file data14.cif (mmCIF, N, CA and C atoms)
data_run
loop_
_atom_site.label_atom_id
_atom_site.label_comp_id
_atom_site.auth_asym_id
_atom_site.auth_seq_id
_atom_site.Cartn_x
_atom_site.Cartn_y
_atom_site.Cartn_z
N MET A 1 -13.81 21.72 -20.44
CA MET A 1 -13.87 21.18 -19.10
C MET A 1 -14.88 21.94 -18.25
N THR A 2 -14.97 23.24 -18.47
CA THR A 2 -15.93 24.05 -17.73
C THR A 2 -17.35 23.59 -18.00
N VAL A 3 -17.63 23.30 -19.28
CA VAL A 3 -18.96 22.84 -19.66
C VAL A 3 -19.26 21.50 -18.98
N ALA A 4 -18.29 20.60 -19.00
CA ALA A 4 -18.49 19.29 -18.35
C ALA A 4 -18.74 19.46 -16.86
N ARG A 5 -17.98 20.32 -16.22
CA ARG A 5 -18.16 20.54 -14.77
C ARG A 5 -19.52 21.16 -14.49
N THR A 6 -19.94 22.11 -15.31
CA THR A 6 -21.25 22.74 -15.14
C THR A 6 -22.36 21.72 -15.30
N LEU A 7 -22.22 20.84 -16.29
CA LEU A 7 -23.23 19.80 -16.48
C LEU A 7 -23.24 18.82 -15.31
N LEU A 8 -22.07 18.58 -14.74
CA LEU A 8 -21.96 17.62 -13.64
C LEU A 8 -22.67 18.12 -12.38
N ASP A 9 -22.36 19.34 -11.96
CA ASP A 9 -22.97 19.80 -10.70
C ASP A 9 -23.66 21.14 -10.81
N GLY A 10 -23.71 21.73 -11.98
CA GLY A 10 -24.48 22.96 -12.16
C GLY A 10 -23.73 24.22 -11.76
N HIS A 11 -22.71 24.11 -10.96
CA HIS A 11 -21.97 25.30 -10.51
C HIS A 11 -20.63 24.89 -9.91
N SER A 12 -19.77 25.86 -9.76
CA SER A 12 -18.53 25.59 -9.04
C SER A 12 -18.79 25.89 -7.57
N ALA A 13 -17.88 25.50 -6.74
CA ALA A 13 -18.04 25.70 -5.29
C ALA A 13 -17.12 26.84 -4.86
N PRO A 14 -17.59 28.10 -4.94
CA PRO A 14 -16.70 29.24 -4.69
C PRO A 14 -16.19 29.33 -3.24
N ILE A 15 -16.99 29.03 -2.26
CA ILE A 15 -16.54 29.14 -0.86
C ILE A 15 -15.44 28.12 -0.55
N PRO A 16 -15.65 26.82 -0.86
CA PRO A 16 -14.56 25.87 -0.62
C PRO A 16 -13.31 26.19 -1.44
N GLN A 17 -13.48 26.67 -2.68
CA GLN A 17 -12.33 27.03 -3.50
C GLN A 17 -11.56 28.19 -2.89
N LEU A 18 -12.25 29.20 -2.41
CA LEU A 18 -11.60 30.34 -1.78
C LEU A 18 -10.89 29.92 -0.49
N THR A 19 -11.54 29.08 0.28
CA THR A 19 -10.94 28.59 1.52
C THR A 19 -9.66 27.82 1.23
N LEU A 20 -9.70 26.95 0.24
CA LEU A 20 -8.52 26.17 -0.13
C LEU A 20 -7.42 27.09 -0.66
N ALA A 21 -7.77 28.06 -1.48
CA ALA A 21 -6.78 29.00 -2.02
C ALA A 21 -6.08 29.75 -0.90
N ARG A 22 -6.83 30.20 0.08
CA ARG A 22 -6.22 30.92 1.23
C ARG A 22 -5.35 29.99 2.07
N PHE A 23 -5.78 28.76 2.22
CA PHE A 23 -5.00 27.76 2.96
C PHE A 23 -3.65 27.55 2.29
N ILE A 24 -3.66 27.43 0.97
CA ILE A 24 -2.43 27.22 0.21
C ILE A 24 -1.57 28.49 0.23
N GLU A 25 -2.17 29.65 -0.04
CA GLU A 25 -1.43 30.92 -0.06
C GLU A 25 -0.79 31.23 1.30
N GLY A 26 -1.42 30.81 2.37
CA GLY A 26 -0.90 31.06 3.71
C GLY A 26 0.22 30.12 4.11
N GLY A 27 0.59 29.19 3.22
CA GLY A 27 1.68 28.27 3.50
C GLY A 27 1.27 27.07 4.34
N HIS A 28 -0.01 26.96 4.65
CA HIS A 28 -0.47 25.86 5.50
C HIS A 28 -0.41 24.51 4.80
N PHE A 29 -0.67 24.50 3.50
CA PHE A 29 -0.62 23.24 2.77
C PHE A 29 0.80 22.70 2.73
N GLY A 30 1.78 23.57 2.46
CA GLY A 30 3.18 23.15 2.45
C GLY A 30 3.61 22.61 3.80
N ALA A 31 3.19 23.28 4.87
CA ALA A 31 3.52 22.81 6.22
C ALA A 31 2.88 21.45 6.48
N HIS A 32 1.65 21.29 6.03
CA HIS A 32 0.96 20.01 6.21
C HIS A 32 1.70 18.89 5.46
N VAL A 33 2.09 19.16 4.23
CA VAL A 33 2.80 18.15 3.44
C VAL A 33 4.12 17.78 4.12
N ARG A 34 4.86 18.78 4.60
CA ARG A 34 6.13 18.50 5.28
C ARG A 34 5.92 17.65 6.53
N SER A 35 4.92 17.95 7.32
CA SER A 35 4.68 17.17 8.54
C SER A 35 4.21 15.76 8.21
N MET A 36 3.40 15.62 7.16
CA MET A 36 2.92 14.29 6.78
C MET A 36 4.03 13.42 6.21
N ARG A 37 5.02 14.03 5.57
CA ARG A 37 6.16 13.25 5.06
C ARG A 37 6.86 12.53 6.21
N VAL A 38 7.01 13.21 7.34
CA VAL A 38 7.65 12.60 8.50
C VAL A 38 6.78 11.45 9.02
N VAL A 39 5.49 11.68 9.14
CA VAL A 39 4.56 10.66 9.62
C VAL A 39 4.59 9.44 8.71
N TYR A 40 4.49 9.67 7.40
CA TYR A 40 4.46 8.56 6.44
C TYR A 40 5.79 7.81 6.42
N ALA A 41 6.91 8.52 6.59
CA ALA A 41 8.22 7.86 6.62
C ALA A 41 8.30 6.91 7.83
N GLU A 42 7.77 7.34 8.97
CA GLU A 42 7.76 6.47 10.15
C GLU A 42 6.90 5.25 9.91
N ARG A 43 5.73 5.44 9.33
CA ARG A 43 4.82 4.32 9.04
C ARG A 43 5.43 3.38 8.00
N ARG A 44 6.09 3.96 7.00
CA ARG A 44 6.76 3.14 5.98
C ARG A 44 7.84 2.27 6.61
N ASP A 45 8.63 2.87 7.50
CA ASP A 45 9.71 2.13 8.14
C ASP A 45 9.19 1.00 9.02
N VAL A 46 8.09 1.24 9.74
CA VAL A 46 7.48 0.18 10.55
C VAL A 46 7.00 -0.95 9.66
N LEU A 47 6.31 -0.61 8.57
CA LEU A 47 5.82 -1.65 7.66
C LEU A 47 6.97 -2.42 7.02
N ALA A 48 8.02 -1.72 6.61
CA ALA A 48 9.17 -2.40 6.01
C ALA A 48 9.79 -3.38 7.01
N HIS A 49 9.90 -2.97 8.26
CA HIS A 49 10.43 -3.87 9.29
C HIS A 49 9.53 -5.09 9.46
N LEU A 50 8.23 -4.88 9.51
CA LEU A 50 7.29 -5.99 9.68
C LEU A 50 7.33 -6.94 8.48
N VAL A 51 7.42 -6.40 7.28
CA VAL A 51 7.49 -7.25 6.09
C VAL A 51 8.78 -8.07 6.12
N ARG A 52 9.89 -7.42 6.48
CA ARG A 52 11.17 -8.15 6.55
C ARG A 52 11.14 -9.22 7.64
N THR A 53 10.44 -8.94 8.72
CA THR A 53 10.37 -9.88 9.84
C THR A 53 9.46 -11.06 9.53
N HIS A 54 8.28 -10.79 8.93
CA HIS A 54 7.26 -11.83 8.78
C HIS A 54 7.12 -12.39 7.38
N LEU A 55 7.53 -11.64 6.36
CA LEU A 55 7.27 -12.07 4.98
C LEU A 55 8.54 -12.26 4.15
N ALA A 56 9.70 -12.21 4.78
CA ALA A 56 10.97 -12.28 4.03
C ALA A 56 11.13 -13.57 3.25
N ASP A 57 10.47 -14.64 3.65
CA ASP A 57 10.56 -15.91 2.90
C ASP A 57 9.81 -15.85 1.58
N PHE A 58 8.93 -14.86 1.42
CA PHE A 58 8.04 -14.83 0.27
C PHE A 58 8.22 -13.61 -0.64
N VAL A 59 8.49 -12.45 -0.05
CA VAL A 59 8.53 -11.22 -0.83
C VAL A 59 9.77 -10.39 -0.50
N GLU A 60 10.12 -9.56 -1.47
CA GLU A 60 11.16 -8.56 -1.27
C GLU A 60 10.46 -7.20 -1.22
N ALA A 61 10.61 -6.50 -0.12
CA ALA A 61 10.01 -5.18 0.01
C ALA A 61 10.84 -4.18 -0.78
N ARG A 62 10.19 -3.40 -1.61
CA ARG A 62 10.84 -2.33 -2.36
C ARG A 62 10.47 -1.02 -1.65
N VAL A 63 11.26 -0.67 -0.67
CA VAL A 63 10.95 0.47 0.20
C VAL A 63 11.11 1.77 -0.60
N PRO A 64 10.03 2.52 -0.76
CA PRO A 64 10.10 3.76 -1.55
C PRO A 64 10.70 4.91 -0.74
N ALA A 65 11.23 5.89 -1.43
CA ALA A 65 11.76 7.08 -0.77
C ALA A 65 10.62 7.96 -0.25
N GLY A 66 9.48 7.86 -0.86
CA GLY A 66 8.32 8.65 -0.45
C GLY A 66 7.05 7.93 -0.83
N GLY A 67 5.95 8.62 -0.79
CA GLY A 67 4.68 8.02 -1.17
C GLY A 67 3.94 7.40 0.00
N MET A 68 2.94 6.59 -0.33
CA MET A 68 2.09 6.00 0.69
C MET A 68 1.84 4.52 0.48
N GLN A 69 2.57 3.92 -0.47
CA GLN A 69 2.44 2.49 -0.73
C GLN A 69 3.81 1.89 -0.95
N MET A 70 3.95 0.62 -0.54
CA MET A 70 5.22 -0.07 -0.70
C MET A 70 5.00 -1.32 -1.54
N PRO A 71 5.67 -1.40 -2.70
CA PRO A 71 5.56 -2.62 -3.49
C PRO A 71 6.36 -3.75 -2.85
N CYS A 72 5.79 -4.93 -2.89
CA CYS A 72 6.45 -6.15 -2.42
C CYS A 72 6.42 -7.13 -3.58
N VAL A 73 7.60 -7.58 -4.02
CA VAL A 73 7.72 -8.45 -5.18
C VAL A 73 7.95 -9.88 -4.71
N PHE A 74 7.21 -10.81 -5.30
CA PHE A 74 7.37 -12.22 -4.93
C PHE A 74 8.77 -12.71 -5.28
N MET A 75 9.35 -13.48 -4.39
CA MET A 75 10.66 -14.09 -4.61
C MET A 75 10.52 -15.53 -5.06
N ARG A 76 9.31 -16.06 -5.01
CA ARG A 76 9.04 -17.44 -5.40
C ARG A 76 7.91 -17.45 -6.41
N ASP A 77 7.63 -18.61 -6.94
CA ASP A 77 6.54 -18.76 -7.91
C ASP A 77 5.22 -18.84 -7.13
N ILE A 78 4.62 -17.69 -6.92
CA ILE A 78 3.38 -17.59 -6.15
C ILE A 78 2.31 -17.00 -7.06
N ALA A 79 1.13 -17.58 -7.03
CA ALA A 79 0.02 -17.06 -7.82
C ALA A 79 -0.48 -15.77 -7.16
N GLU A 80 -0.29 -14.65 -7.87
CA GLU A 80 -0.62 -13.34 -7.31
C GLU A 80 -2.09 -13.25 -6.88
N ARG A 81 -2.98 -13.66 -7.75
CA ARG A 81 -4.41 -13.57 -7.44
C ARG A 81 -4.76 -14.38 -6.20
N GLU A 82 -4.20 -15.57 -6.10
CA GLU A 82 -4.45 -16.43 -4.95
C GLU A 82 -3.91 -15.79 -3.66
N ALA A 83 -2.73 -15.18 -3.75
CA ALA A 83 -2.13 -14.53 -2.57
C ALA A 83 -2.96 -13.33 -2.14
N VAL A 84 -3.41 -12.52 -3.10
CA VAL A 84 -4.23 -11.34 -2.78
C VAL A 84 -5.56 -11.78 -2.17
N ASP A 85 -6.18 -12.81 -2.74
CA ASP A 85 -7.45 -13.31 -2.19
C ASP A 85 -7.26 -13.90 -0.80
N SER A 86 -6.18 -14.61 -0.60
CA SER A 86 -5.90 -15.21 0.70
C SER A 86 -5.68 -14.13 1.76
N ALA A 87 -4.95 -13.09 1.38
CA ALA A 87 -4.72 -11.98 2.31
C ALA A 87 -6.03 -11.28 2.64
N ARG A 88 -6.89 -11.12 1.64
CA ARG A 88 -8.18 -10.46 1.86
C ARG A 88 -9.03 -11.25 2.86
N ARG A 89 -8.98 -12.59 2.76
CA ARG A 89 -9.72 -13.42 3.73
C ARG A 89 -9.17 -13.26 5.14
N ALA A 90 -7.87 -12.89 5.24
CA ALA A 90 -7.25 -12.66 6.55
C ALA A 90 -7.44 -11.21 7.01
N GLY A 91 -8.19 -10.42 6.24
CA GLY A 91 -8.46 -9.04 6.63
C GLY A 91 -7.43 -8.04 6.15
N ILE A 92 -6.62 -8.42 5.16
CA ILE A 92 -5.57 -7.54 4.64
C ILE A 92 -5.92 -7.20 3.20
N ASP A 93 -6.04 -5.91 2.90
CA ASP A 93 -6.41 -5.46 1.56
C ASP A 93 -5.15 -5.13 0.77
N LEU A 94 -4.89 -5.90 -0.29
CA LEU A 94 -3.72 -5.71 -1.12
C LEU A 94 -4.14 -5.47 -2.56
N LEU A 95 -3.25 -4.84 -3.31
CA LEU A 95 -3.46 -4.63 -4.74
C LEU A 95 -2.33 -5.35 -5.47
N GLY A 96 -2.67 -6.25 -6.38
CA GLY A 96 -1.67 -6.98 -7.14
C GLY A 96 -0.85 -6.06 -8.03
N LEU A 97 0.42 -6.40 -8.23
CA LEU A 97 1.33 -5.59 -9.04
C LEU A 97 1.27 -5.88 -10.53
N THR A 98 0.94 -7.08 -10.92
CA THR A 98 1.04 -7.48 -12.32
C THR A 98 0.31 -6.54 -13.26
N ALA A 99 -0.88 -6.16 -12.92
CA ALA A 99 -1.67 -5.29 -13.80
C ALA A 99 -1.13 -3.86 -13.86
N LEU A 100 -0.24 -3.50 -12.96
CA LEU A 100 0.26 -2.13 -12.90
C LEU A 100 1.54 -1.91 -13.72
N HIS A 101 2.13 -2.98 -14.22
CA HIS A 101 3.38 -2.87 -14.97
C HIS A 101 3.15 -2.24 -16.34
N ALA A 102 4.01 -1.31 -16.70
CA ALA A 102 3.94 -0.70 -18.03
C ALA A 102 4.86 -1.43 -19.00
N SER A 103 5.84 -2.14 -18.48
CA SER A 103 6.78 -2.86 -19.35
C SER A 103 6.34 -4.31 -19.53
N HIS A 104 7.11 -5.03 -20.33
CA HIS A 104 6.79 -6.44 -20.57
C HIS A 104 7.21 -7.32 -19.40
N GLU A 105 8.17 -6.87 -18.60
CA GLU A 105 8.60 -7.64 -17.44
C GLU A 105 7.58 -7.43 -16.33
N ARG A 106 6.77 -8.43 -16.09
CA ARG A 106 5.69 -8.33 -15.11
C ARG A 106 5.96 -9.27 -13.95
N ARG A 107 6.55 -8.73 -12.91
CA ARG A 107 6.83 -9.54 -11.73
C ARG A 107 5.63 -9.46 -10.81
N GLY A 108 5.21 -10.62 -10.31
CA GLY A 108 4.09 -10.68 -9.40
C GLY A 108 4.45 -10.12 -8.03
N GLY A 109 3.44 -9.68 -7.35
CA GLY A 109 3.62 -9.12 -6.01
C GLY A 109 2.39 -8.33 -5.63
N PHE A 110 2.55 -7.41 -4.72
CA PHE A 110 1.42 -6.61 -4.28
C PHE A 110 1.89 -5.29 -3.70
N LEU A 111 0.96 -4.34 -3.63
CA LEU A 111 1.20 -3.06 -2.98
C LEU A 111 0.61 -3.11 -1.59
N MET A 112 1.37 -2.64 -0.62
CA MET A 112 0.87 -2.51 0.75
C MET A 112 0.84 -1.03 1.08
N GLY A 113 -0.33 -0.52 1.42
CA GLY A 113 -0.46 0.88 1.81
C GLY A 113 -0.10 1.05 3.28
N PHE A 114 0.51 2.20 3.59
CA PHE A 114 0.87 2.45 4.99
C PHE A 114 0.39 3.81 5.49
N ALA A 115 -0.25 4.60 4.67
CA ALA A 115 -0.65 5.94 5.08
C ALA A 115 -1.72 5.94 6.16
N ALA A 116 -2.64 5.01 6.11
CA ALA A 116 -3.77 5.02 7.03
C ALA A 116 -3.48 4.36 8.37
N HIS A 117 -2.35 3.67 8.48
CA HIS A 117 -2.04 2.97 9.72
C HIS A 117 -1.58 3.97 10.76
N ALA A 118 -2.21 3.93 11.92
CA ALA A 118 -1.95 4.94 12.95
C ALA A 118 -0.94 4.48 13.99
N GLY A 119 -0.15 3.48 13.68
CA GLY A 119 0.91 3.11 14.60
C GLY A 119 0.56 2.05 15.62
N ASN A 120 -0.52 1.31 15.41
CA ASN A 120 -0.83 0.20 16.30
C ASN A 120 0.05 -0.96 15.86
N ARG A 121 1.27 -0.99 16.37
CA ARG A 121 2.26 -1.95 15.88
C ARG A 121 1.89 -3.39 16.16
N ARG A 122 1.24 -3.63 17.27
CA ARG A 122 0.82 -5.01 17.55
C ARG A 122 -0.16 -5.50 16.50
N GLN A 123 -1.13 -4.65 16.18
CA GLN A 123 -2.13 -5.03 15.19
C GLN A 123 -1.48 -5.19 13.81
N GLU A 124 -0.56 -4.29 13.46
CA GLU A 124 0.12 -4.40 12.18
C GLU A 124 0.97 -5.67 12.12
N ALA A 125 1.65 -5.98 13.23
CA ALA A 125 2.47 -7.20 13.28
C ALA A 125 1.59 -8.43 13.13
N ARG A 126 0.42 -8.42 13.79
CA ARG A 126 -0.51 -9.55 13.64
C ARG A 126 -0.98 -9.67 12.19
N GLY A 127 -1.20 -8.52 11.53
CA GLY A 127 -1.61 -8.55 10.13
C GLY A 127 -0.55 -9.15 9.24
N CYS A 128 0.71 -8.75 9.45
CA CYS A 128 1.80 -9.33 8.65
C CYS A 128 1.98 -10.81 8.96
N ALA A 129 1.86 -11.16 10.23
CA ALA A 129 1.97 -12.58 10.60
C ALA A 129 0.83 -13.38 9.96
N ALA A 130 -0.37 -12.80 9.96
CA ALA A 130 -1.52 -13.48 9.32
C ALA A 130 -1.27 -13.60 7.82
N GLY A 131 -0.67 -12.58 7.21
CA GLY A 131 -0.34 -12.64 5.80
C GLY A 131 0.66 -13.74 5.50
N ALA A 132 1.67 -13.85 6.36
CA ALA A 132 2.67 -14.91 6.18
C ALA A 132 2.01 -16.28 6.33
N GLU A 133 1.14 -16.41 7.31
CA GLU A 133 0.44 -17.69 7.51
C GLU A 133 -0.44 -18.01 6.31
N SER A 134 -1.08 -16.98 5.74
CA SER A 134 -1.90 -17.20 4.54
C SER A 134 -1.04 -17.69 3.39
N LEU A 135 0.14 -17.09 3.22
CA LEU A 135 1.03 -17.53 2.15
C LEU A 135 1.51 -18.96 2.40
N ARG A 136 1.83 -19.27 3.65
CA ARG A 136 2.26 -20.63 3.98
C ARG A 136 1.14 -21.64 3.73
N SER A 137 -0.09 -21.25 4.06
CA SER A 137 -1.22 -22.18 3.90
C SER A 137 -1.52 -22.43 2.42
N MET A 138 -1.13 -21.51 1.56
CA MET A 138 -1.34 -21.72 0.12
C MET A 138 -0.57 -22.94 -0.34
N LYS A 139 0.51 -23.27 0.31
CA LYS A 139 1.31 -24.45 -0.03
C LYS A 139 0.44 -25.70 0.06
N HIS A 140 -0.45 -25.70 1.04
CA HIS A 140 -1.27 -26.88 1.26
C HIS A 140 -2.52 -26.90 0.38
N THR A 141 -2.90 -25.74 -0.17
CA THR A 141 -4.13 -25.68 -0.95
C THR A 141 -3.88 -25.58 -2.45
N SER A 142 -2.60 -25.51 -2.85
CA SER A 142 -2.31 -25.44 -4.27
C SER A 142 -1.09 -26.27 -4.59
N SER A 143 -0.75 -26.32 -5.84
CA SER A 143 0.42 -27.10 -6.26
C SER A 143 1.70 -26.30 -6.17
N LEU A 144 1.61 -25.07 -5.70
CA LEU A 144 2.81 -24.22 -5.62
C LEU A 144 3.71 -24.66 -4.49
N SER A 145 4.99 -24.58 -4.71
CA SER A 145 5.95 -24.87 -3.65
C SER A 145 6.49 -23.54 -3.15
N LEU A 146 5.93 -23.05 -2.04
CA LEU A 146 6.28 -21.73 -1.55
C LEU A 146 7.49 -21.73 -0.63
N ILE A 147 7.71 -22.83 0.02
CA ILE A 147 8.81 -22.90 0.98
C ILE A 147 9.93 -23.69 0.33
N ALA A 148 11.06 -23.03 0.11
CA ALA A 148 12.18 -23.71 -0.55
C ALA A 148 12.80 -24.73 0.37
N GLY A 149 13.34 -25.77 -0.22
CA GLY A 149 14.05 -26.78 0.59
C GLY A 149 13.10 -27.74 1.06
#
call {"tool": "encode", "arguments": {"input": "data14.cif", "output": "structure tokens"}}
result
Amino acid sequence: MTVARTLLDGHSAPIPQLTLARFIEGGHFGAHVRSMRVVYAERRDVLAHLVRTHLADFVEARVPAGGMQMPCVFMRDIAEREAVDSARRAGIDLLGLTALHASHERRGGFLMGFAAHAGNRRQEARGCAAGAESLRSMKHTSSLSLIAG
């Protein structure tokens, strides 16, 4: 690995490495992680509420205990690629779940990241509402029946 790294950039970066080592040794990294857990939990809870409010007809939010992404699993027969593309056209960047499954049971859905959202709840609510509208509009542009009944 050392040879590969040397070939990649010719040298290691001793000053940044020393700075990072001192940051970690001084307990600052642990403090940062603890404070960010609180921030991310708040953002996760806001996103979970918005998904339940605006997307409950289409997806089930799988609210994680930690992390920075929330999986949402389709509750209806929805084409994952079409939903991800539709959301992207509405300005929402999603990652489909199907390709991420390690098992044979591959349920469609998407990952929604919440780490970068700084708490502009109106904008986030508009994004979820736009996502719901995109999913509803798919009913008119495909043969899928997204709305039960």
call {"tool": "resolve_selection", "arguments": {"input": "data14.cif", "expression": "the PyMOL selection byres ((chain A and resi 61-67) around 8)", "output": "PyMOL selection string"}}
result
chain A and resi 37+40-41+44+48+51-52+55-56+58-60+68-74+114-115
call {"tool": "axis_aligned_box", "arguments": {"input": "data14.cif", "around": "range 101-118 of chain A", "padding_each_side": "6 Å", "output": "JSON"}}
result
{"center_x": 2.4, "center_y": -2.4, "center_z": -3.3, "size_x": 24.4, "size_y": 28.6, "size_z": 46.6}
call {"tool": "atom_distance", "arguments": {"input": "data14.cif", "atom1": "CA of Ala31 in chain A", "atom2": "CA of Asp45 in chain A"}}
result
21.7 Å
call {"tool": "residues_around", "arguments": {"input": "data14.cif", "residues": "range 94-108 of chain A", "least_positions_apart": "4", "cutoff": "7 Å", "atoms": "only N, CA and C atoms", "output": "list in words"}}
result
Cys72, Val73, Phe74, Met75, Ile78, Glu80, Arg81, Val84, Ala87, Arg88, Met112 and Gly113 of chain A
call {"tool": "select_by_dssp", "arguments": {"input": "data14.cif", "residues": "range 5-123 of chain A", "states": "alpha helix (DSSP H)", "output": "NGL selection string"}}
result
:A and (5-9 or 14-25 or 28-54 or 80-89 or 121-123)
call {"tool": "atom_distance", "arguments": {"input": "data14.cif", "atom1": "atom C of Pro16 in chain A", "atom2": "CA of His32 in chain A"}}
result
17.3 Å
